[in-house]
Amino acid sequence: MTRYRTSAVLAAATLLLTALCAGQAPAAAPPGRVDIDPAIAEELDDAITAAMREAAIPGVGIGLWIDGDDSYVRSFGTSDKTTGTPIKTDMHTRIGSVTKTFTVTGVLQLVDDGKVRLDAPISTYLDGVPGGGKITVRQLADMRSGLYNYTEDPRWLATFQADPYRAWTPQELLDIAFRHPADFPPGARWEYSNTNTVLLGLLVEKVSGQPLHTYLEQNVLEPAGLDASSLPTGAEITSPYVHGYTNFTQDGATVDASGWNPSWGWAAGAMISTIDDLHAWVPTLVDGRLPDGERMLEPGTQAQRLRMLPTGHAEVGYGLGIAEIDGWIGHNGELPGYETIAVRLPQARATLVIVVNSDVDGKFGSLSSLIANRVTKIATPEHVWSLPPAAQPNAVPESSAPPASPKPTPSG
């Protein structure tokens, strides 16, 4: 989850075929790996392409897997409007606030190592946090610190919009947040804030003695077998990659944001991954167990991660860097040009990953949530993805509002 909006909602994933943009369904089945019932596959194909037409989504990549059973892995549309290159499920994409699941995993590993205590104040480890003597590590991870979300600062939004290629340091982001008073006393309620996860990234660096990207690579990504995932140190994105399209620009024009610098999201939203890697990651995230059977986290620590507390939004709970929406557990993420959902439904042993490469929309809100809603209505009708806009976790400003006066709202 992350906040990144200005009056509608971000979106991001993959691009739709020219025929779809013209309002025509594809003549042949889209590429992918499908071994579910053909009638259900066709129903899913139709629902996704209809949603893409309605919301003018350029492209979507999706994977739905049932453990040891059926799968539905498809790509619709194009990854690059200029060349018309079709989107593929092995392409790299920016995953926004799904990054939080990795950063908080790093924190919880340090808890298991006895180097961090969840209920210790953040001032135990980091200096300079206003009220840091009363804000615990746990409250940062479960979004109950009260710290102002820097991505809602109007001056920051205007600066970002004027120069989306600018590099930001974590301290610059915190300085923006700390210019504002706290929104509420620690623990009083839930409120999504990227400031929390930036602080947790600095905590990992301080305690481990390693840069965050190095720590995650060695202790989270490699053990989980995620060879295509990374936390970039600049604006780079690994090839082949999906181009993301946004109209969060000064003149409202839609542009390719794939080269924009995601450093403003850092530990809260800057990572890169693929559908296949996220398919491997989500079961580890939810179960706390690596593919080889070893544990990513101790059982007690994993249980604390999954202790979902109310957020004030129906059917939405939040644990330690992880959310639950009507039984689906994981995270979603949004930043200019990209949207991602990576979740698991334990009751059905199902994993769902969706990527979208556009946030140009003023009618449907989150485009990835639109796709997830249509898919789960068919695949898991007793557990339908429905994320209220006010609970939408994102990583930056929203893109479809008038650029002159950005007013971000929570997003994923």
# chains A, B, ... in the order shown; residues from 1 in each chain; ligands from 1
>>> residues_around(residues="Val242 of chain A", least_positions_apart="4", cutoff="12 Å", atoms="only C-alpha atoms", output="PDB file with N, CA, C and O atoms, in the first residue's frame")
ATOM      1  N   ALA A  12      -1.478   1.019 -12.866  1.00  0.00           N
ATOM      2  CA  ALA A  12      -0.316   0.633 -13.587  1.00  0.00           C
ATOM      3  C   ALA A  12      -0.332  -0.831 -13.814  1.00  0.00           C
ATOM      4  O   ALA A  12      -0.719  -1.581 -12.963  1.00  0.00           O
ATOM      5  N   ALA A  13       0.092  -1.288 -14.992  1.00  0.00           N
ATOM      6  CA  ALA A  13       0.160  -2.701 -15.249  1.00  0.00           C
ATOM      7  C   ALA A  13       0.674  -2.960 -16.605  1.00  0.00           C
ATOM      8  O   ALA A  13       1.818  -2.805 -16.815  1.00  0.00           O
ATOM      9  N   THR A  14      -0.119  -3.345 -17.530  1.00  0.00           N
ATOM     10  CA  THR A  14       0.338  -3.687 -18.840  1.00  0.00           C
ATOM     11  C   THR A  14      -0.604  -3.128 -19.869  1.00  0.00           C
ATOM     12  O   THR A  14      -1.684  -2.711 -19.542  1.00  0.00           O
ATOM     13  N   LEU A  15      -0.189  -3.101 -21.120  1.00  0.00           N
ATOM     14  CA  LEU A  15      -0.938  -2.372 -22.122  1.00  0.00           C
ATOM     15  C   LEU A  15      -1.858  -3.246 -22.948  1.00  0.00           C
ATOM     16  O   LEU A  15      -1.560  -4.385 -23.233  1.00  0.00           O
ATOM     17  N   PRO A  58      -4.023  -0.062 -21.279  1.00  0.00           N
ATOM     18  CA  PRO A  58      -3.194  -0.541 -22.386  1.00  0.00           C
ATOM     19  C   PRO A  58      -2.781  -1.995 -22.242  1.00  0.00           C
ATOM     20  O   PRO A  58      -2.726  -2.726 -23.215  1.00  0.00           O
ATOM     21  N   GLY A  59      -2.471  -2.439 -21.025  1.00  0.00           N
ATOM     22  CA  GLY A  59      -2.013  -3.814 -20.907  1.00  0.00           C
ATOM     23  C   GLY A  59      -2.169  -4.385 -19.513  1.00  0.00           C
ATOM     24  O   GLY A  59      -2.135  -3.682 -18.513  1.00  0.00           O
ATOM     25  N   VAL A  60      -2.340  -5.672 -19.437  1.00  0.00           N
ATOM     26  CA  VAL A  60      -2.502  -6.385 -18.168  1.00  0.00           C
ATOM     27  C   VAL A  60      -1.740  -7.704 -18.239  1.00  0.00           C
ATOM     28  O   VAL A  60      -1.805  -8.420 -19.240  1.00  0.00           O
ATOM     29  N   GLY A  61      -1.026  -8.002 -17.173  1.00  0.00           N
ATOM     30  CA  GLY A  61      -0.447  -9.328 -16.986  1.00  0.00           C
ATOM     31  C   GLY A  61      -1.057  -9.924 -15.735  1.00  0.00           C
ATOM     32  O   GLY A  61      -1.206  -9.232 -14.721  1.00  0.00           O
ATOM     33  N   SER A  75      -1.366 -12.715 -20.597  1.00  0.00           N
ATOM     34  CA  SER A  75      -0.959 -11.326 -20.823  1.00  0.00           C
ATOM     35  C   SER A  75      -1.830 -10.752 -21.928  1.00  0.00           C
ATOM     36  O   SER A  75      -2.103 -11.414 -22.928  1.00  0.00           O
ATOM     37  N   GLY A  77      -2.460  -7.193 -24.258  1.00  0.00           N
ATOM     38  CA  GLY A  77      -2.069  -5.850 -24.649  1.00  0.00           C
ATOM     39  C   GLY A  77      -0.598  -5.702 -24.956  1.00  0.00           C
ATOM     40  O   GLY A  77       0.112  -6.669 -25.219  1.00  0.00           O
ATOM     41  N   THR A  78      -0.138  -4.471 -24.893  1.00  0.00           N
ATOM     42  CA  THR A  78       1.226  -4.154 -25.288  1.00  0.00           C
ATOM     43  C   THR A  78       2.016  -3.571 -24.136  1.00  0.00           C
ATOM     44  O   THR A  78       1.479  -2.881 -23.280  1.00  0.00           O
ATOM     45  N   SER A  79       3.282  -3.853 -24.118  1.00  0.00           N
ATOM     46  CA  SER A  79       4.157  -3.312 -23.079  1.00  0.00           C
ATOM     47  C   SER A  79       4.763  -1.983 -23.491  1.00  0.00           C
ATOM     48  O   SER A  79       5.356  -1.294 -22.656  1.00  0.00           O
ATOM     49  N   ASP A  80       4.637  -1.614 -24.752  1.00  0.00           N
ATOM     50  CA  ASP A  80       5.264  -0.390 -25.264  1.00  0.00           C
ATOM     51  C   ASP A  80       4.380   0.178 -26.372  1.00  0.00           C
ATOM     52  O   ASP A  80       4.249  -0.420 -27.443  1.00  0.00           O
ATOM     53  N   LYS A  81       3.765   1.304 -26.113  1.00  0.00           N
ATOM     54  CA  LYS A  81       2.871   1.909 -27.100  1.00  0.00           C
ATOM     55  C   LYS A  81       3.607   2.312 -28.374  1.00  0.00           C
ATOM     56  O   LYS A  81       3.035   2.307 -29.458  1.00  0.00           O
ATOM     57  N   THR A  83       6.356   0.882 -29.858  1.00  0.00           N
ATOM     58  CA  THR A  83       6.752  -0.235 -30.712  1.00  0.00           C
ATOM     59  C   THR A  83       5.647  -1.260 -30.899  1.00  0.00           C
ATOM     60  O   THR A  83       5.717  -2.094 -31.803  1.00  0.00           O
ATOM     61  N   GLY A  84       4.643  -1.229 -30.018  1.00  0.00           N
ATOM     62  CA  GLY A  84       3.595  -2.233 -30.077  1.00  0.00           C
ATOM     63  C   GLY A  84       4.012  -3.582 -29.526  1.00  0.00           C
ATOM     64  O   GLY A  84       3.310  -4.576 -29.702  1.00  0.00           O
ATOM     65  N   THR A  85       5.163  -3.653 -28.851  1.00  0.00           N
ATOM     66  CA  THR A  85       5.638  -4.909 -28.275  1.00  0.00           C
ATOM     67  C   THR A  85       4.615  -5.446 -27.275  1.00  0.00           C
ATOM     68  O   THR A  85       4.200  -4.725 -26.367  1.00  0.00           O
ATOM     69  N   PRO A  86       4.194  -6.677 -27.442  1.00  0.00           N
ATOM     70  CA  PRO A  86       3.190  -7.215 -26.513  1.00  0.00           C
ATOM     71  C   PRO A  86       3.760  -7.411 -25.115  1.00  0.00           C
ATOM     72  O   PRO A  86       4.964  -7.633 -24.939  1.00  0.00           O
ATOM     73  N   ILE A  87       2.904  -7.311 -24.151  1.00  0.00           N
ATOM     74  CA  ILE A  87       3.330  -7.557 -22.775  1.00  0.00           C
ATOM     75  C   ILE A  87       3.510  -9.063 -22.571  1.00  0.00           C
ATOM     76  O   ILE A  87       2.792  -9.868 -23.167  1.00  0.00           O
ATOM     77  N   LYS A  88       4.504  -9.430 -21.780  1.00  0.00           N
ATOM     78  CA  LYS A  88       4.752 -10.836 -21.468  1.00  0.00           C
ATOM     79  C   LYS A  88       4.887 -10.981 -19.963  1.00  0.00           C
ATOM     80  O   LYS A  88       5.299 -10.051 -19.267  1.00  0.00           O
ATOM     81  N   THR A  89       4.559 -12.166 -19.474  1.00  0.00           N
ATOM     82  CA  THR A  89       4.527 -12.349 -18.025  1.00  0.00           C
ATOM     83  C   THR A  89       5.908 -12.415 -17.388  1.00  0.00           C
ATOM     84  O   THR A  89       6.025 -12.352 -16.167  1.00  0.00           O
ATOM     85  N   ASP A  90       6.974 -12.526 -18.200  1.00  0.00           N
ATOM     86  CA  ASP A  90       8.317 -12.538 -17.618  1.00  0.00           C
ATOM     87  C   ASP A  90       8.983 -11.163 -17.664  1.00  0.00           C
ATOM     88  O   ASP A  90      10.158 -11.029 -17.307  1.00  0.00           O
ATOM     89  N   MET A  91       8.239 -10.125 -18.068  1.00  0.00           N
ATOM     90  CA  MET A  91       8.808  -8.778 -18.117  1.00  0.00           C
ATOM     91  C   MET A  91       8.870  -8.164 -16.716  1.00  0.00           C
ATOM     92  O   MET A  91       8.031  -8.437 -15.862  1.00  0.00           O
ATOM     93  N   HIS A  92       9.880  -7.326 -16.524  1.00  0.00           N
ATOM     94  CA  HIS A  92      10.037  -6.641 -15.251  1.00  0.00           C
ATOM     95  C   HIS A  92       9.074  -5.460 -15.166  1.00  0.00           C
ATOM     96  O   HIS A  92       8.775  -4.816 -16.170  1.00  0.00           O
ATOM     97  N   THR A  93       8.619  -5.195 -13.955  1.00  0.00           N
ATOM     98  CA  THR A  93       7.702  -4.088 -13.727  1.00  0.00           C
ATOM     99  C   THR A  93       7.997  -3.465 -12.371  1.00  0.00           C
ATOM    100  O   THR A  93       8.541  -4.134 -11.480  1.00  0.00           O
ATOM    101  N   ARG A  94       7.663  -2.210 -12.212  1.00  0.00           N
ATOM    102  CA  ARG A  94       7.802  -1.548 -10.908  1.00  0.00           C
ATOM    103  C   ARG A  94       6.598  -1.942 -10.055  1.00  0.00           C
ATOM    104  O   ARG A  94       5.461  -1.857 -10.508  1.00  0.00           O
ATOM    105  N   ILE A  95       6.855  -2.367  -8.808  1.00  0.00           N
ATOM    106  CA  ILE A  95       5.792  -2.973  -8.007  1.00  0.00           C
ATOM    107  C   ILE A  95       5.279  -2.081  -6.887  1.00  0.00           C
ATOM    108  O   ILE A  95       4.445  -2.516  -6.077  1.00  0.00           O
ATOM    109  N   ILE A 237      15.701   0.050 -14.603  1.00  0.00           N
ATOM    110  CA  ILE A 237      14.740  -1.038 -14.571  1.00  0.00           C
ATOM    111  C   ILE A 237      15.258  -2.111 -15.519  1.00  0.00           C
ATOM    112  O   ILE A 237      15.668  -1.836 -16.640  1.00  0.00           O
ATOM    113  N   THR A 238      15.272  -3.348 -15.037  1.00  0.00           N
ATOM    114  CA  THR A 238      15.881  -4.445 -15.769  1.00  0.00           C
ATOM    115  C   THR A 238      15.096  -4.777 -17.037  1.00  0.00           C
ATOM    116  O   THR A 238      13.870  -4.786 -17.034  1.00  0.00           O
ATOM    117  N   ASP A 256       5.339   8.197 -20.955  1.00  0.00           N
ATOM    118  CA  ASP A 256       5.985   6.967 -20.515  1.00  0.00           C
ATOM    119  C   ASP A 256       6.811   7.281 -19.273  1.00  0.00           C
ATOM    120  O   ASP A 256       7.766   8.052 -19.323  1.00  0.00           O
ATOM    121  N   ALA A 257       6.448   6.674 -18.138  1.00  0.00           N
ATOM    122  CA  ALA A 257       7.117   6.963 -16.866  1.00  0.00           C
ATOM    123  C   ALA A 257       8.140   5.909 -16.485  1.00  0.00           C
ATOM    124  O   ALA A 257       8.649   5.922 -15.362  1.00  0.00           O
ATOM    125  N   SER A 258       8.463   5.000 -17.398  1.00  0.00           N
ATOM    126  CA  SER A 258       9.339   3.894 -17.022  1.00  0.00           C
ATOM    127  C   SER A 258      10.737   4.351 -16.616  1.00  0.00           C
ATOM    128  O   SER A 258      11.422   3.648 -15.872  1.00  0.00           O
ATOM    129  N   GLY A 259      11.155   5.532 -17.081  1.00  0.00           N
ATOM    130  CA  GLY A 259      12.468   6.040 -16.707  1.00  0.00           C
ATOM    131  C   GLY A 259      12.449   6.999 -15.533  1.00  0.00           C
ATOM    132  O   GLY A 259      13.491   7.518 -15.128  1.00  0.00           O
ATOM    133  N   ILE A 272      11.495  -3.640  -8.099  1.00  0.00           N
ATOM    134  CA  ILE A 272      11.200  -4.185  -9.424  1.00  0.00           C
ATOM    135  C   ILE A 272      11.026  -5.691  -9.275  1.00  0.00           C
ATOM    136  O   ILE A 272      11.746  -6.344  -8.504  1.00  0.00           O
ATOM    137  N   SER A 273      10.067  -6.269 -10.027  1.00  0.00           N
ATOM    138  CA  SER A 273       9.902  -7.718  -9.995  1.00  0.00           C
ATOM    139  C   SER A 273       9.188  -8.168 -11.271  1.00  0.00           C
ATOM    140  O   SER A 273       9.000  -7.382 -12.196  1.00  0.00           O
ATOM    141  N   THR A 274       8.804  -9.433 -11.302  1.00  0.00           N
ATOM    142  CA  THR A 274       8.055 -10.010 -12.422  1.00  0.00           C
ATOM    143  C   THR A 274       6.875 -10.797 -11.858  1.00  0.00           C
ATOM    144  O   THR A 274       6.834 -11.116 -10.658  1.00  0.00           O
ATOM    145  N   ILE A 275       5.949 -11.142 -12.723  1.00  0.00           N
ATOM    146  CA  ILE A 275       4.815 -11.957 -12.284  1.00  0.00           C
ATOM    147  C   ILE A 275       5.296 -13.292 -11.728  1.00  0.00           C
ATOM    148  O   ILE A 275       4.815 -13.754 -10.684  1.00  0.00           O
ATOM    149  N   GLY A 337       2.349   5.189 -13.493  1.00  0.00           N
ATOM    150  CA  GLY A 337       2.500   4.288 -14.621  1.00  0.00           C
ATOM    151  C   GLY A 337       2.394   2.816 -14.298  1.00  0.00           C
ATOM    152  O   GLY A 337       2.339   1.995 -15.209  1.00  0.00           O
ATOM    153  N   TYR A 338       2.365   2.448 -13.027  1.00  0.00           N
ATOM    154  CA  TYR A 338       2.409   1.030 -12.662  1.00  0.00           C
ATOM    155  C   TYR A 338       1.473   0.718 -11.494  1.00  0.00           C
ATOM    156  O   TYR A 338       1.390   1.484 -10.537  1.00  0.00           O
ATOM    157  N   GLU A 339       0.814  -0.443 -11.573  1.00  0.00           N
ATOM    158  CA  GLU A 339       0.019  -0.973 -10.460  1.00  0.00           C
ATOM    159  C   GLU A 339       0.246  -2.467 -10.350  1.00  0.00           C
ATOM    160  O   GLU A 339       0.357  -3.168 -11.360  1.00  0.00           O
ATOM    161  N   VAL A 355      -0.498  -7.225 -12.787  1.00  0.00           N
ATOM    162  CA  VAL A 355       0.246  -5.996 -13.062  1.00  0.00           C
ATOM    163  C   VAL A 355      -0.484  -5.232 -14.168  1.00  0.00           C
ATOM    164  O   VAL A 355      -1.071  -5.818 -15.061  1.00  0.00           O
ATOM    165  N   VAL A 356      -0.483  -3.923 -14.043  1.00  0.00           N
ATOM    166  CA  VAL A 356      -1.131  -3.036 -15.024  1.00  0.00           C
ATOM    167  C   VAL A 356      -0.159  -1.898 -15.297  1.00  0.00           C
ATOM    168  O   VAL A 356       0.515  -1.449 -14.376  1.00  0.00           O
ATOM    169  N   ASN A 357      -0.111  -1.395 -16.527  1.00  0.00           N
ATOM    170  CA  ASN A 357       0.905  -0.371 -16.823  1.00  0.00           C
ATOM    171  C   ASN A 357       0.302   0.970 -17.216  1.00  0.00           C
ATOM    172  O   ASN A 357       0.718   1.591 -18.173  1.00  0.00           O
ATOM    173  N   SER A 358      -0.690   1.410 -16.455  1.00  0.00           N
ATOM    174  CA  SER A 358      -1.267   2.724 -16.696  1.00  0.00           C
ATOM    175  C   SER A 358      -2.011   3.169 -15.456  1.00  0.00           C
ATOM    176  O   SER A 358      -2.626   2.358 -14.766  1.00  0.00           O
TER     177      SER A 358
END
>>> residues_around(residues="Arg307 of chain A", least_positions_apart="2", cutoff="12 Å", atoms="only C-alpha atoms", output="compact mmCIF listing (two decimals) with all heavy atoms, in the first residue's frame")
# COMPACT_ATOMS: atom_id res chain seq x y z
N ARG A 138 6.81 -1.77 15.92
CA ARG A 138 5.57 -2.42 15.52
C ARG A 138 4.59 -1.40 14.93
O ARG A 138 3.93 -1.66 13.91
CB ARG A 138 4.92 -3.11 16.72
CG ARG A 138 3.68 -3.91 16.36
CD ARG A 138 2.96 -4.40 17.62
NE ARG A 138 3.81 -5.23 18.45
CZ ARG A 138 3.98 -6.55 18.29
NH1 ARG A 138 3.34 -7.16 17.31
NH2 ARG A 138 4.75 -7.23 19.11
N ALA A 141 5.42 -0.60 11.44
CA ALA A 141 5.14 -1.69 10.50
C ALA A 141 3.65 -1.87 10.27
O ALA A 141 3.24 -2.29 9.18
CB ALA A 141 5.75 -2.99 11.01
N ASP A 142 2.81 -1.57 11.27
CA ASP A 142 1.37 -1.77 11.07
C ASP A 142 0.62 -0.46 10.82
O ASP A 142 -0.60 -0.42 10.89
CB ASP A 142 0.74 -2.58 12.21
CG ASP A 142 0.75 -1.85 13.56
OD1 ASP A 142 1.00 -0.63 13.60
OD2 ASP A 142 0.47 -2.52 14.58
N VAL A 286 3.18 -15.18 2.99
CA VAL A 286 2.00 -15.51 3.80
C VAL A 286 2.27 -16.67 4.75
O VAL A 286 1.75 -16.69 5.87
CB VAL A 286 0.80 -15.81 2.88
CG1 VAL A 286 -0.41 -16.26 3.69
CG2 VAL A 286 0.44 -14.56 2.07
N GLY A 300 6.51 -17.83 15.48
CA GLY A 300 5.93 -16.79 16.33
C GLY A 300 5.98 -15.42 15.70
O GLY A 300 5.04 -14.61 15.82
N THR A 301 7.07 -15.15 15.01
CA THR A 301 7.22 -13.85 14.34
C THR A 301 6.25 -13.76 13.17
O THR A 301 5.61 -12.71 12.95
CB THR A 301 8.67 -13.68 13.85
OG1 THR A 301 9.56 -13.85 14.95
CG2 THR A 301 8.88 -12.30 13.26
N GLN A 302 6.13 -14.85 12.40
CA GLN A 302 5.18 -14.87 11.30
C GLN A 302 3.75 -14.67 11.81
O GLN A 302 2.94 -13.97 11.17
CB GLN A 302 5.30 -16.18 10.53
CG GLN A 302 4.37 -16.30 9.33
CD GLN A 302 4.71 -15.34 8.20
OE1 GLN A 302 5.77 -14.73 8.18
NE2 GLN A 302 3.80 -15.20 7.25
N ALA A 303 3.43 -15.27 12.95
CA ALA A 303 2.09 -15.11 13.51
C ALA A 303 1.83 -13.65 13.87
O ALA A 303 0.72 -13.14 13.67
CB ALA A 303 1.93 -16.01 14.73
N GLN A 304 2.84 -12.97 14.39
CA GLN A 304 2.66 -11.55 14.70
C GLN A 304 2.47 -10.74 13.43
O GLN A 304 1.67 -9.80 13.39
CB GLN A 304 3.86 -11.04 15.49
CG GLN A 304 3.96 -11.61 16.88
CD GLN A 304 4.98 -10.87 17.72
OE1 GLN A 304 4.79 -9.72 18.11
NE2 GLN A 304 6.10 -11.55 18.02
N ARG A 305 3.21 -11.09 12.37
CA ARG A 305 3.03 -10.39 11.10
C ARG A 305 1.59 -10.49 10.62
O ARG A 305 1.03 -9.52 10.10
CB ARG A 305 3.97 -11.00 10.05
CG ARG A 305 3.57 -10.63 8.63
CD ARG A 305 4.44 -11.33 7.61
NE ARG A 305 5.34 -10.38 7.02
CZ ARG A 305 6.39 -10.69 6.26
NH1 ARG A 305 6.67 -11.94 6.01
NH2 ARG A 305 7.14 -9.76 5.75
N LEU A 309 -5.15 -6.16 12.22
CA LEU A 309 -5.95 -5.26 13.03
C LEU A 309 -6.87 -4.45 12.12
O LEU A 309 -6.59 -4.25 10.94
CB LEU A 309 -5.03 -4.31 13.82
CG LEU A 309 -4.10 -4.99 14.82
CD1 LEU A 309 -3.23 -3.94 15.51
CD2 LEU A 309 -4.88 -5.79 15.85
N PRO A 310 -7.99 -3.98 12.67
CA PRO A 310 -8.92 -3.21 11.83
C PRO A 310 -8.31 -1.91 11.35
O PRO A 310 -7.48 -1.30 12.03
CB PRO A 310 -10.12 -2.95 12.75
CG PRO A 310 -9.69 -3.34 14.12
CD PRO A 310 -8.47 -4.17 14.03
N GLY A 317 -8.03 -5.47 6.71
CA GLY A 317 -7.20 -5.50 7.90
C GLY A 317 -5.75 -5.27 7.52
O GLY A 317 -5.37 -5.42 6.35
N TYR A 318 -4.93 -4.89 8.51
CA TYR A 318 -3.52 -4.66 8.21
C TYR A 318 -2.68 -5.21 9.35
O TYR A 318 -2.95 -4.97 10.53
CB TYR A 318 -3.24 -3.17 8.02
CG TYR A 318 -2.00 -2.89 7.19
CD1 TYR A 318 -2.06 -2.89 5.80
CD2 TYR A 318 -0.76 -2.66 7.79
CE1 TYR A 318 -0.93 -2.66 5.03
CE2 TYR A 318 0.38 -2.43 7.03
CZ TYR A 318 0.28 -2.43 5.65
OH TYR A 318 1.41 -2.21 4.88
N GLY A 319 -1.64 -5.99 8.96
CA GLY A 319 -0.71 -6.55 9.92
C GLY A 319 0.60 -5.80 9.88
O GLY A 319 0.64 -4.58 9.82
N LEU A 320 1.70 -6.54 9.88
CA LEU A 320 3.03 -5.93 9.84
C LEU A 320 3.52 -5.92 8.39
O LEU A 320 4.05 -6.91 7.89
CB LEU A 320 4.00 -6.69 10.74
CG LEU A 320 3.58 -6.79 12.22
CD1 LEU A 320 4.62 -7.55 13.03
CD2 LEU A 320 3.36 -5.40 12.83
N GLY A 321 3.25 -4.81 7.69
CA GLY A 321 3.63 -4.69 6.29
C GLY A 321 2.87 -5.63 5.39
O GLY A 321 3.39 -6.03 4.33
N ILE A 322 1.66 -5.97 5.75
CA ILE A 322 0.86 -6.91 4.97
C ILE A 322 -0.61 -6.62 5.24
O ILE A 322 -0.98 -6.20 6.34
CB ILE A 322 1.22 -8.37 5.34
CG1 ILE A 322 0.68 -9.35 4.31
CG2 ILE A 322 0.78 -8.71 6.75
CD1 ILE A 322 1.25 -10.76 4.48
N ALA A 323 -1.44 -6.81 4.22
CA ALA A 323 -2.86 -6.48 4.33
C ALA A 323 -3.72 -7.70 4.08
O ALA A 323 -3.27 -8.70 3.52
CB ALA A 323 -3.22 -5.38 3.32
N GLU A 324 -4.98 -7.62 4.50
CA GLU A 324 -5.97 -8.64 4.19
C GLU A 324 -7.23 -7.97 3.67
O GLU A 324 -7.79 -7.08 4.32
CB GLU A 324 -6.32 -9.48 5.41
CG GLU A 324 -7.34 -10.57 5.10
CD GLU A 324 -7.61 -11.49 6.28
OE1 GLU A 324 -7.09 -11.21 7.39
OE2 GLU A 324 -8.34 -12.48 6.09
N ILE A 329 -4.61 -12.19 1.26
CA ILE A 329 -3.53 -11.67 2.10
C ILE A 329 -2.32 -11.35 1.24
O ILE A 329 -1.88 -12.17 0.44
CB ILE A 329 -3.14 -12.69 3.19
CG1 ILE A 329 -4.36 -12.98 4.08
CG2 ILE A 329 -2.00 -12.15 4.05
CD1 ILE A 329 -4.12 -14.11 5.08
>>> closest_residue(among="A:Leu212, A:Ile66, A:Leu140, A:Met271", to="Glu191 of chain A", atoms="only C-alpha atoms")
A:Leu140
>>> select_by_dssp(residues="segment 25-148 of chain A", states="strand (DSSP E or B)", output="ChimeraX atom specification")
/A:32-34,59-66,71-78,86,92-94,121,136
>>> write_last_selection(atoms="N, CA and C atoms", output="compact mmCIF listing (two decimals), in the first residue's frame")
# COMPACT_ATOMS: atom_id res chain seq x y z
N GLY A 32 -0.14 -17.21 -22.92
CA GLY A 32 0.02 -17.54 -21.52
C GLY A 32 -0.01 -19.04 -21.30
N ARG A 33 -0.08 -19.43 -20.01
CA ARG A 33 -0.14 -20.84 -19.61
C ARG A 33 -1.48 -21.05 -18.92
N VAL A 34 -2.34 -21.87 -19.48
CA VAL A 34 -3.68 -22.05 -18.93
C VAL A 34 -4.02 -23.53 -18.88
N GLY A 59 -2.47 -2.44 -21.02
CA GLY A 59 -2.01 -3.81 -20.91
C GLY A 59 -2.17 -4.39 -19.51
N VAL A 60 -2.34 -5.67 -19.44
CA VAL A 60 -2.50 -6.38 -18.17
C VAL A 60 -1.74 -7.70 -18.24
N GLY A 61 -1.03 -8.00 -17.17
CA GLY A 61 -0.45 -9.33 -16.99
C GLY A 61 -1.06 -9.92 -15.73
N ILE A 62 -1.45 -11.19 -15.79
CA ILE A 62 -2.15 -11.80 -14.65
C ILE A 62 -1.74 -13.25 -14.49
N GLY A 63 -1.65 -13.66 -13.24
CA GLY A 63 -1.44 -15.07 -12.92
C GLY A 63 -2.34 -15.46 -11.76
N LEU A 64 -3.07 -16.57 -11.93
CA LEU A 64 -3.89 -17.13 -10.86
C LEU A 64 -3.53 -18.61 -10.76
N TRP A 65 -3.04 -19.01 -9.59
CA TRP A 65 -2.57 -20.39 -9.41
C TRP A 65 -3.28 -21.03 -8.22
N ILE A 66 -3.67 -22.27 -8.36
CA ILE A 66 -4.14 -23.08 -7.25
C ILE A 66 -3.07 -24.14 -6.99
N SER A 71 -3.91 -23.50 -13.19
CA SER A 71 -3.34 -22.16 -13.28
C SER A 71 -3.94 -21.42 -14.46
N TYR A 72 -3.88 -20.11 -14.35
CA TYR A 72 -4.35 -19.23 -15.42
C TYR A 72 -3.36 -18.08 -15.47
N VAL A 73 -2.48 -18.09 -16.46
CA VAL A 73 -1.44 -17.07 -16.58
C VAL A 73 -1.55 -16.46 -17.97
N ARG A 74 -1.93 -15.21 -18.05
CA ARG A 74 -2.22 -14.56 -19.31
C ARG A 74 -1.58 -13.18 -19.39
N SER A 75 -1.37 -12.71 -20.60
CA SER A 75 -0.96 -11.33 -20.82
C SER A 75 -1.83 -10.75 -21.93
N PHE A 76 -2.27 -9.54 -21.71
CA PHE A 76 -3.17 -8.85 -22.64
C PHE A 76 -2.57 -7.49 -22.99
N GLY A 77 -2.46 -7.19 -24.26
CA GLY A 77 -2.07 -5.85 -24.65
C GLY A 77 -0.60 -5.70 -24.96
N THR A 78 -0.14 -4.47 -24.89
CA THR A 78 1.23 -4.15 -25.29
C THR A 78 2.02 -3.57 -24.14
N PRO A 86 4.19 -6.68 -27.44
CA PRO A 86 3.19 -7.21 -26.51
C PRO A 86 3.76 -7.41 -25.12
N HIS A 92 9.88 -7.33 -16.52
CA HIS A 92 10.04 -6.64 -15.25
C HIS A 92 9.07 -5.46 -15.17
N THR A 93 8.62 -5.19 -13.96
CA THR A 93 7.70 -4.09 -13.73
C THR A 93 8.00 -3.47 -12.37
N ARG A 94 7.66 -2.21 -12.21
CA ARG A 94 7.80 -1.55 -10.91
C ARG A 94 6.60 -1.94 -10.06
N PRO A 121 10.84 1.44 21.25
CA PRO A 121 10.66 2.70 20.50
C PRO A 121 11.69 2.83 19.39
N THR A 136 6.68 2.84 18.43
CA THR A 136 7.39 1.56 18.40
C THR A 136 7.64 1.09 16.98
>>> closest_residue(among="A:Ala56, A:Ile378, A:Leu216, A:Val129", to="Ala39 of chain A", atoms="only C-alpha atoms")
A:Ile378
>>> select_by_dssp(residues="segment 107-306 of chain A", states="helix (DSSP H, G or I)", output="count of residues only")
90
